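> One file: query_33.cif (mmCIF, C-alpha atoms).
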data_my_file
loop_
_atom_site.label_atom_id
_atom_site.label_comp_id
_atom_site.auth_asym_id
_atom_site.auth_seq_id
_atom_site.Cartn_x
_atom_site.Cartn_y
_atom_site.Cartn_z
CA MET A 273 -14.02 12.35 9.62
CA MET A 274 -13.00 8.69 9.18
CA ARG A 275 -13.09 7.15 5.72
CA ASN A 276 -11.73 4.21 3.85
CA ARG A 277 -9.24 5.37 1.27
CA VAL A 278 -8.36 4.16 -2.22
CA ARG A 279 -5.47 1.69 -2.26
CA SER A 280 -4.17 -0.96 -4.66
CA ALA A 281 -3.51 -4.63 -3.89
CA ARG A 282 0.11 -5.76 -3.53
CA ARG A 283 1.54 -7.26 -6.69
CA LEU A 284 2.87 -10.78 -6.82
CA SER A 285 6.32 -10.42 -8.35
CA THR A 286 9.39 -8.88 -6.75
CA LEU A 287 11.56 -6.88 -9.16
CA ALA A 288 15.28 -6.21 -8.96
CA ALA A 289 16.26 -2.98 -7.27
CA LEU A 290 17.58 0.01 -9.19
CA ALA A 291 19.95 2.64 -7.88
CA ALA A 292 18.42 6.07 -7.23
CA THR A 293 19.89 9.46 -6.50
CA VAL A 294 18.14 12.52 -5.09
CA LEU A 295 18.68 16.13 -4.19
CA ALA A 296 16.52 17.14 -1.24
CA VAL A 297 16.58 19.24 1.89
CA PRO A 298 17.89 17.32 4.93
CA LEU A 299 15.80 16.99 8.04
CA VAL A 300 17.21 16.00 11.42
CA ALA A 301 14.78 13.73 13.23
CA THR A 302 15.02 12.20 16.70
CA ASP A 303 12.78 9.30 17.72
CA ARG A 304 10.88 9.47 20.97
CA ALA A 305 12.82 6.58 22.48
CA GLY A 306 15.92 8.76 22.54
CA ALA A 307 18.01 7.08 19.87
CA ALA A 308 20.75 9.09 18.18
CA PRO A 309 19.41 11.56 15.62
CA ALA A 310 19.32 10.38 12.01
CA THR A 311 19.53 12.72 9.06
CA VAL A 312 16.86 11.97 6.46
CA ALA A 313 15.92 13.66 3.20
CA LEU A 314 12.39 14.97 2.76
CA PRO A 315 10.62 14.93 -0.60
CA PRO A 316 11.08 18.29 -2.34
CA ALA A 317 8.01 20.44 -1.66
CA HIS A 318 5.63 21.46 -4.43
CA ALA A 319 7.33 19.06 -6.85
CA GLY A 320 5.88 16.99 -9.67
CA PHE A 321 4.52 13.76 -8.14
CA ASP A 322 3.22 10.44 -9.43
CA TYR A 323 1.38 7.79 -7.43
CA GLN A 324 2.38 4.38 -8.79
CA ILE A 325 1.35 1.98 -6.01
CA GLY A 326 -0.77 0.02 -8.52
CA GLY A 327 2.23 -0.81 -10.70
CA ALA A 328 5.49 0.84 -11.71
CA TYR A 329 5.93 2.57 -15.06
CA THR A 330 8.15 5.26 -16.59
CA PRO A 331 7.38 8.50 -14.72
CA PRO A 332 5.86 11.29 -16.85
CA ALA A 333 7.94 14.33 -17.73
CA GLY A 334 8.28 16.80 -14.87
CA VAL A 335 7.88 14.22 -12.10
CA ARG A 336 10.47 14.45 -9.34
CA VAL A 337 8.79 12.32 -6.64
CA VAL A 338 7.26 8.84 -7.02
CA SER A 339 5.51 6.50 -4.58
CA ARG A 340 5.69 2.80 -5.44
CA ASP A 341 4.85 -0.50 -3.78
CA HIS A 342 7.69 -1.98 -1.73
CA GLU A 343 7.92 -4.95 -4.10
CA ASP A 344 8.79 -2.66 -7.02
CA PRO A 345 12.16 -0.97 -7.63
CA PRO A 346 12.55 2.79 -7.19
CA ALA A 347 12.67 5.10 -10.22
CA ALA A 348 16.24 6.06 -11.03
CA GLY A 349 17.15 9.68 -10.42
CA LEU A 350 13.96 10.62 -8.54
CA TYR A 351 12.89 10.88 -4.90
CA ASN A 352 11.22 7.52 -4.17
CA ILE A 353 8.66 6.72 -1.49
CA CYS A 354 8.14 3.05 -0.60
CA TYR A 355 4.53 2.02 0.08
CA ILE A 356 3.85 -0.64 2.72
CA ASN A 357 0.59 -1.90 4.21
CA ALA A 358 1.68 -1.53 7.82
CA PHE A 359 -1.54 -1.82 9.82
CA GLN A 360 -3.49 -4.46 7.90
CA VAL A 361 -2.81 -7.79 6.19
CA GLN A 362 -2.88 -8.28 2.42
CA PRO A 363 -5.87 -10.43 1.33
CA GLY A 364 -5.06 -14.12 1.71
CA ALA A 365 -1.84 -13.48 3.64
CA GLU A 366 -3.20 -14.11 7.14
CA SER A 367 -1.14 -17.30 7.52
CA SER A 368 2.08 -15.31 7.14
CA TRP A 369 1.38 -13.65 10.49
CA ASP A 370 1.29 -15.18 13.98
CA SER A 371 -2.36 -15.91 14.66
CA ASP A 372 -2.49 -13.81 17.83
CA LEU A 373 -1.32 -10.71 15.93
CA LEU A 374 -4.56 -10.65 13.95
CA LEU A 375 -7.23 -8.56 15.67
CA ARG A 376 -10.12 -10.69 16.93
CA ASP A 377 -13.51 -9.78 18.35
CA SER A 378 -15.05 -11.17 21.54
CA SER A 379 -16.09 -14.36 19.72
CA GLY A 380 -12.57 -14.95 18.43
CA LYS A 381 -13.31 -14.00 14.83
CA VAL A 382 -10.73 -12.01 12.87
CA VAL A 383 -11.78 -8.40 12.30
CA TYR A 384 -11.57 -7.28 8.66
CA ASP A 385 -11.55 -4.05 6.74
CA THR A 386 -14.53 -5.18 4.69
CA ASP A 387 -13.89 -2.75 1.84
CA TRP A 388 -10.53 -4.36 1.10
CA GLY A 389 -10.81 -7.84 2.62
CA GLU A 390 -7.83 -7.12 4.84
CA ALA A 391 -7.46 -8.43 8.38
CA LEU A 392 -6.55 -5.76 10.94
CA LEU A 393 -3.40 -6.16 13.01
CA ASP A 394 -3.74 -6.09 16.79
CA THR A 395 -1.86 -3.05 18.15
CA ARG A 396 -3.43 -3.12 21.64
CA THR A 397 -0.38 -4.18 23.66
CA ALA A 398 3.27 -3.16 23.68
CA ASP A 399 4.36 -6.77 23.09
CA LYS A 400 2.17 -7.15 20.01
CA ARG A 401 3.19 -3.78 18.64
CA THR A 402 6.84 -4.76 18.98
CA ARG A 403 6.29 -8.09 17.22
CA ILE A 404 4.29 -6.53 14.38
CA ALA A 405 6.91 -3.83 13.97
CA ALA A 406 9.66 -6.45 13.76
CA LYS A 407 8.02 -7.96 10.66
CA VAL A 408 7.26 -4.60 9.05
CA ASP A 409 10.82 -3.46 9.81
CA GLY A 410 11.98 -6.17 7.41
CA TRP A 411 10.02 -4.46 4.61
CA ILE A 412 11.51 -1.11 5.64
CA ASP A 413 14.99 -2.66 5.44
CA SER A 414 14.18 -3.90 1.93
CA CYS A 415 13.02 -0.41 0.91
CA ALA A 416 16.30 1.03 2.16
CA SER A 417 18.42 -1.59 0.39
CA LYS A 418 16.62 -0.92 -2.91
CA GLY A 419 17.43 2.77 -2.73
CA TYR A 420 14.18 4.34 -1.55
CA GLN A 421 14.37 7.59 0.43
CA ALA A 422 11.12 7.31 2.42
CA ILE A 423 8.34 4.95 3.43
CA GLU A 424 4.56 5.37 3.29
CA PRO A 425 2.96 3.11 5.93
CA ASP A 426 -0.72 2.75 5.04
CA ASN A 427 -3.83 2.28 7.19
CA TYR A 428 -2.72 4.40 10.14
CA ASP A 429 -6.47 4.95 10.67
CA SER A 430 -7.34 1.24 10.86
CA TYR A 431 -8.47 1.76 14.46
CA SER A 432 -11.50 3.55 13.01
CA ARG A 433 -12.55 0.28 11.32
CA SER A 434 -11.85 -1.98 14.31
CA LYS A 435 -15.30 -2.11 15.94
CA LYS A 436 -13.83 0.09 18.67
CA LEU A 437 -11.32 -2.59 19.66
CA LEU A 438 -8.27 -0.52 18.68
CA THR A 439 -7.39 3.01 19.75
CA SER A 440 -5.59 5.93 18.21
CA GLY A 441 -3.10 5.72 21.10
CA GLY A 442 -2.13 2.19 20.09
CA ALA A 443 -1.74 3.29 16.48
CA GLU A 444 0.51 6.17 17.51
CA ALA A 445 2.64 3.98 19.77
CA TYR A 446 3.12 1.49 16.94
CA ILE A 447 3.91 4.03 14.24
CA THR A 448 6.48 5.59 16.59
CA LEU A 449 8.34 2.27 16.48
CA LEU A 450 8.26 2.33 12.68
CA SER A 451 9.48 5.93 12.63
CA ALA A 452 12.47 5.10 14.81
CA HIS A 453 13.43 2.17 12.61
CA ALA A 454 12.97 4.11 9.38
CA HIS A 455 15.16 6.92 10.69
CA SER A 456 17.82 4.43 11.74
CA LYS A 457 17.96 3.33 8.10
CA GLY A 458 18.19 6.90 6.84
CA LEU A 459 14.59 6.94 5.56
CA ALA A 460 11.95 9.61 6.05
CA ILE A 461 8.48 8.40 7.03
CA ALA A 462 5.12 9.74 5.92
CA GLN A 463 1.87 10.12 7.77
CA LYS A 464 -0.73 8.54 5.47
CA ASN A 465 -4.13 10.20 5.84
CA THR A 466 -5.54 10.30 9.42
CA SER A 467 -5.68 14.10 9.62
CA GLU A 468 -6.99 13.99 13.18
CA LEU A 469 -3.58 12.75 14.38
CA ALA A 470 -1.45 15.15 12.34
CA GLY A 471 -0.93 17.44 15.33
CA ASP A 472 0.98 14.66 17.09
CA ARG A 473 3.59 14.30 14.34
CA ALA A 474 6.46 15.52 16.55
CA SER A 475 5.91 12.82 19.17
CA THR A 476 5.35 10.07 16.61
CA GLY A 477 8.38 11.03 14.52
CA LEU A 478 6.51 11.51 11.22
CA ASP A 479 8.24 13.72 8.68
CA PHE A 480 5.75 14.58 5.92
CA ALA A 481 2.21 13.71 4.85
CA VAL A 482 0.61 11.76 2.02
CA ALA A 483 -3.05 12.79 1.96
CA GLU A 484 -5.70 11.19 -0.20
CA GLU A 485 -8.61 13.46 -1.12
CA CYS A 486 -7.81 16.25 1.29
CA GLY A 487 -9.11 18.68 -1.31
CA THR A 488 -12.36 16.76 -1.65
CA TYR A 489 -12.90 16.71 2.12
CA ASN A 490 -11.42 20.12 3.00
CA GLU A 491 -8.61 18.59 5.06
CA CYS A 492 -5.49 19.92 3.34
CA GLY A 493 -5.15 22.70 5.92
CA ASP A 494 -5.10 20.12 8.71
CA TYR A 495 -1.98 18.62 7.15
CA THR A 496 -0.25 21.90 6.34
CA ASP A 497 -0.82 23.08 9.92
CA ALA A 498 1.32 20.14 11.03
CA PHE A 499 3.71 19.57 8.11
CA GLY A 500 3.93 22.93 6.36
CA ASN A 501 4.24 22.49 2.60
CA HIS A 502 5.66 18.97 2.94
CA VAL A 503 2.29 17.47 1.97
CA ILE A 504 1.59 15.26 -1.06
CA VAL A 505 -2.02 15.21 -2.24
CA ILE A 506 -3.76 12.52 -4.29
CA GLU A 507 -7.26 13.19 -5.62
CA TYR A 508 -9.48 10.72 -7.47
CA THR A 509 -12.08 13.00 -9.06
CA ALA A 510 -12.01 16.06 -11.32
CA LYS A 511 -13.87 18.06 -8.68
CA GLY A 512 -11.38 17.03 -5.98
CA LEU A 513 -8.44 18.00 -8.13
CA SER A 514 -10.01 21.36 -8.91
CA LYS A 515 -10.56 22.10 -5.21
CA ALA A 516 -7.07 21.00 -4.21
CA CYS A 517 -5.45 23.04 -6.99
CA ALA A 518 -7.53 26.13 -6.26
CA GLY A 519 -6.56 26.13 -2.59
CA TRP A 520 -3.10 24.60 -2.56
CA GLY A 521 -1.79 24.37 -6.11
CA SER A 522 0.97 26.89 -5.55
CA GLU A 523 2.25 25.18 -2.38
CA LEU A 524 1.75 21.42 -2.44
CA SER A 525 2.47 18.43 -4.69
CA ILE A 526 -0.92 17.47 -6.15
CA VAL A 527 -1.97 14.76 -8.59
CA ARG A 528 -5.19 13.12 -9.70
CA ARG A 529 -5.09 9.37 -10.30
CA ASP A 530 -7.72 6.79 -11.17
CA VAL A 531 -9.16 4.92 -8.21
CA ASP A 532 -7.31 1.72 -9.12
CA VAL A 533 -4.00 3.60 -9.47
CA SER A 534 -3.51 1.81 -12.79
CA PRO A 535 -0.16 1.73 -14.61
CA ALA A 536 0.17 3.96 -17.67
CA GLY A 537 -1.10 2.28 -20.80
CA SER A 538 -3.68 0.15 -19.01
CA ALA A 539 -7.45 0.56 -19.17
CA GLY A 540 -8.75 3.22 -16.83
CA TYR A 541 -5.43 5.01 -16.37
CA VAL A 542 -5.87 8.65 -15.34
CA ARG A 543 -3.22 11.13 -14.31
CA LYS A 544 -3.73 14.86 -14.19
CA THR A 545 -2.12 17.72 -12.27
CA CYS A 546 -2.85 21.36 -11.53
#
Here is the file; what I need is its structure written in the form of structure tokens.

Amino acid sequence: MMRNRVRSARRLSTLAALAATVLAVPLVATDRAGAAPATVALPPAHAGFDYQIGGAYTPPAGVRVVSRDHEDPPAAGLYNICYINAFQVQPGAESSWDSDLLLRDSSGKVVYDTDWGEALLDTRTADKRTRIAAKVDGWIDSCASKGYQAIEPDNYDSYSRSKKLLTSGGAEAYITLLSAHAHSKGLAIAQKNTSELAGDRASTGLDFAVAEECGTYNECGDYTDAFGNHVIVIEYTAKGLSKACAGWGSELSIVRRDVDVSPAGSAGYVRKTC
């Protein structure tokens, strides 16, 4: 089942990086292109998690893993995942991309994810995938230099919103490039949603999963079949949290957040766990 997922807009200010340390189990990963293996650290399984892509704040007690936007610094002393919008363009940022890298329909109009006002990137050819990856690799480099341990490339499933112009094969070929680069920087890389492609994680080089609402939509098992207990779950409703906790609370990292992923102390902030 294809769905649009809850995400926050990128913030405008870039903050200074903080040093971070982490204890985690090493994973040896080899990219499909045959580069030398890189040792990366996975997030600890079934650990306290907080989803802070809407704005960084002091992690609650018991949290060991945090996901934050790539413009924010990592949280000192925790395992930090760096969020990047890898398959779509932030609203209003179309001019920062080469025009031909924006997906266009037969009339030449840019194709948008209408729920978020984000232009889709054109992953249909090897040349375009390479050029898109080169730009996104710069964000990955920044994540590494700030002290993050992993990246979370969002909108892997953008092909499902492309008016059938993009394919899952193009998405997989592109994310394989990102995986190879992340591993070369010592970073793990997450599969974000897109449960239907989880079975291909070995060929695409993906290390763990970040799954929104897999409890709500009965998809958590699809991710654990591919990634074992290295799955992080975000739910946005009380019912979704209850289902995720009932089925997977003893195995996976699970949190409920508000749909805007608001910082603590702001209106609408919600964070609950099993």
> With distances taken over all atoms listed in the file, which residue among A:Tyr428, A:Tyr323, A:Tyr355, A:Trp388 lies nearest Val542 in chain A?
A:Tyr323
> One decimal, Å: what's the distance from CA of Glu343 in chain A over to CA of Arg396 in chain A, could you say?
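These atoms are spaced 28.2 Å apart.
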> How close does range 397-448 of chain A get to range 470-488 of chain A? List, as JSON lines, each residue of range 397-448 of chain A within 12 Å, its nearest atom pair and the distance in Å to one decimal, counting all atoms listed in the file.

{"residue": "A:Gln421", "atom": "CA", "partner": "A:Asp479", "partner_atom": "CA", "distance": 12.0}
{"residue": "A:Ala422", "atom": "CA", "partner": "A:Asp479", "partner_atom": "CA", "distance": 9.4}
{"residue": "A:Ile423", "atom": "CA", "partner": "A:Asp479", "partner_atom": "CA", "distance": 10.2}
{"residue": "A:Glu424", "atom": "CA", "partner": "A:Val482", "partner_atom": "CA", "distance": 7.6}
{"residue": "A:Pro425", "atom": "CA", "partner": "A:Val482", "partner_atom": "CA", "distance": 9.8}
{"residue": "A:Asp426", "atom": "CA", "partner": "A:Val482", "partner_atom": "CA", "distance": 9.6}
{"residue": "A:Asn427", "atom": "CA", "partner": "A:Val482", "partner_atom": "CA", "distance": 11.7}
{"residue": "A:Tyr428", "atom": "CA", "partner": "A:Ala470", "partner_atom": "CA", "distance": 11.0}
{"residue": "A:Asp429", "atom": "CA", "partner": "A:Ala470", "partner_atom": "CA", "distance": 11.5}
{"residue": "A:Ser440", "atom": "CA", "partner": "A:Asp472", "partner_atom": "CA", "distance": 11.0}
{"residue": "A:Gly441", "atom": "CA", "partner": "A:Thr476", "partner_atom": "CA", "distance": 10.5}
{"residue": "A:Gly442", "atom": "CA", "partner": "A:Thr476", "partner_atom": "CA", "distance": 11.4}
{"residue": "A:Ala443", "atom": "CA", "partner": "A:Thr476", "partner_atom": "CA", "distance": 9.8}
{"residue": "A:Glu444", "atom": "CA", "partner": "A:Thr476", "partner_atom": "CA", "distance": 6.3}
{"residue": "A:Ala445", "atom": "CA", "partner": "A:Thr476", "partner_atom": "CA", "distance": 7.4}
{"residue": "A:Tyr446", "atom": "CA", "partner": "A:Thr476", "partner_atom": "CA", "distance": 8.9}
{"residue": "A:Ile447", "atom": "CA", "partner": "A:Thr476", "partner_atom": "CA", "distance": 6.6}
{"residue": "A:Thr448", "atom": "CA", "partner": "A:Thr476", "partner_atom": "CA", "distance": 4.6}
> Using all atoms listed in the file, which protein or nucleic acid residues come within 8 Å of Arg529 in chain A? Drop anything in the same chain fewer than 2 positions from it, and give the result as a list in words.
Tyr323, Ile506, Glu507, Tyr508, Thr509, Val527, Val531, Val533, Tyr541, Val542, Arg543 and Lys544 of chain A
> Go through A:Ala405, A:Ala516, A:Ile412, A:Leu469 one by one, measure the shortest atom-to-atom distance of each to Asp497 in chain A using all atoms listed in the file, and give the residue with the smallest value.
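For Asp497 in chain A, the nearest of the candidates is A:Leu469.
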> If the PyMOL selection byres ((chain A and resi 399-404) around 10) were run on this exact file, what residues would it hold? Put them as a PyMOL selection string.
chain A and resi 358-359+369-370+372-374+393-398+405-409+442-443+445-447+449-450
> Enumerate, as number ranges by chain, the residues matched when the PyMOL selection byres ((chain A and resi 493) around 12) is run on the file above.
A: 467-468, 470-471, 481, 483, 486-487, 489-492, 494-503, 505, 516, 519-520, 523-524
> May I ask which of the residues A:Cys415, A:Gln463, A:Cys546, A:Gly521 is the closest one to Ser451 in chain A, counting only C-alpha atoms?
A:Gln463
> Show which residues sit within 8 Å of Gln324 in chain A, as a PyMOL selection string. Count all atoms listed in the file, and ignore same-chain residues fewer than 2 positions away.
chain A and resi 322+326-329+338-341+533-535
> Translate the PyMOL selection byres ((chain A and resi 318) around 7), as applied to the file shown, into an explicit residue set as a PyMOL selection string.
chain A and resi 316-317+319-320+523-525
> How far is it from CA of Arg433 in chain A to CA of Leu375 in chain A, in Å with one decimal?
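CA of Arg433 in chain A sits 11.2 Å away from CA of Leu375 in chain A.
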> Grab the CA of Lys381 in chain A to CA of Pro363 in chain A distance for me, in Å with one decimal place.
15.8 Å
> Here's a test: counting all atoms listed in the file, identify every protein, DNA and RNA residue with an atom at most 9 Å from (-10.5, -6.5, 13.9) in the file's coordinate frame, and state them as a ChimeraX atom specification.
/A:374-377,381-385,391-394,430-431,433-438
> Could you write out that same residue set with C-alpha atoms as a JSON list (two decimals), in the frame of the given file?

[["chain", "number", "residue", "atom", "x", "y", "z"],
["A", 374, "LEU", "CA", -4.56, -10.65, 13.95],
["A", 375, "LEU", "CA", -7.23, -8.56, 15.67],
["A", 376, "ARG", "CA", -10.12, -10.69, 16.93],
["A", 377, "ASP", "CA", -13.51, -9.78, 18.35],
["A", 381, "LYS", "CA", -13.31, -14.00, 14.83],
["A", 382, "VAL", "CA", -10.73, -12.01, 12.87],
["A", 383, "VAL", "CA", -11.78, -8.40, 12.30],
["A", 384, "TYR", "CA", -11.57, -7.28, 8.66],
["A", 385, "ASP", "CA", -11.55, -4.05, 6.74],
["A", 391, "ALA", "CA", -7.46, -8.43, 8.38],
["A", 392, "LEU", "CA", -6.55, -5.76, 10.94],
["A", 393, "LEU", "CA", -3.40, -6.16, 13.01],
["A", 394, "ASP", "CA", -3.74, -6.09, 16.79],
["A", 430, "SER", "CA", -7.34, 1.24, 10.86],
["A", 431, "TYR", "CA", -8.47, 1.76, 14.46],
["A", 433, "ARG", "CA", -12.55, 0.28, 11.32],
["A", 434, "SER", "CA", -11.85, -1.98, 14.31],
["A", 435, "LYS", "CA", -15.30, -2.11, 15.94],
["A", 436, "LYS", "CA", -13.83, 0.09, 18.67],
["A", 437, "LEU", "CA", -11.32, -2.59, 19.66],
["A", 438, "LEU", "CA", -8.27, -0.52, 18.68]]
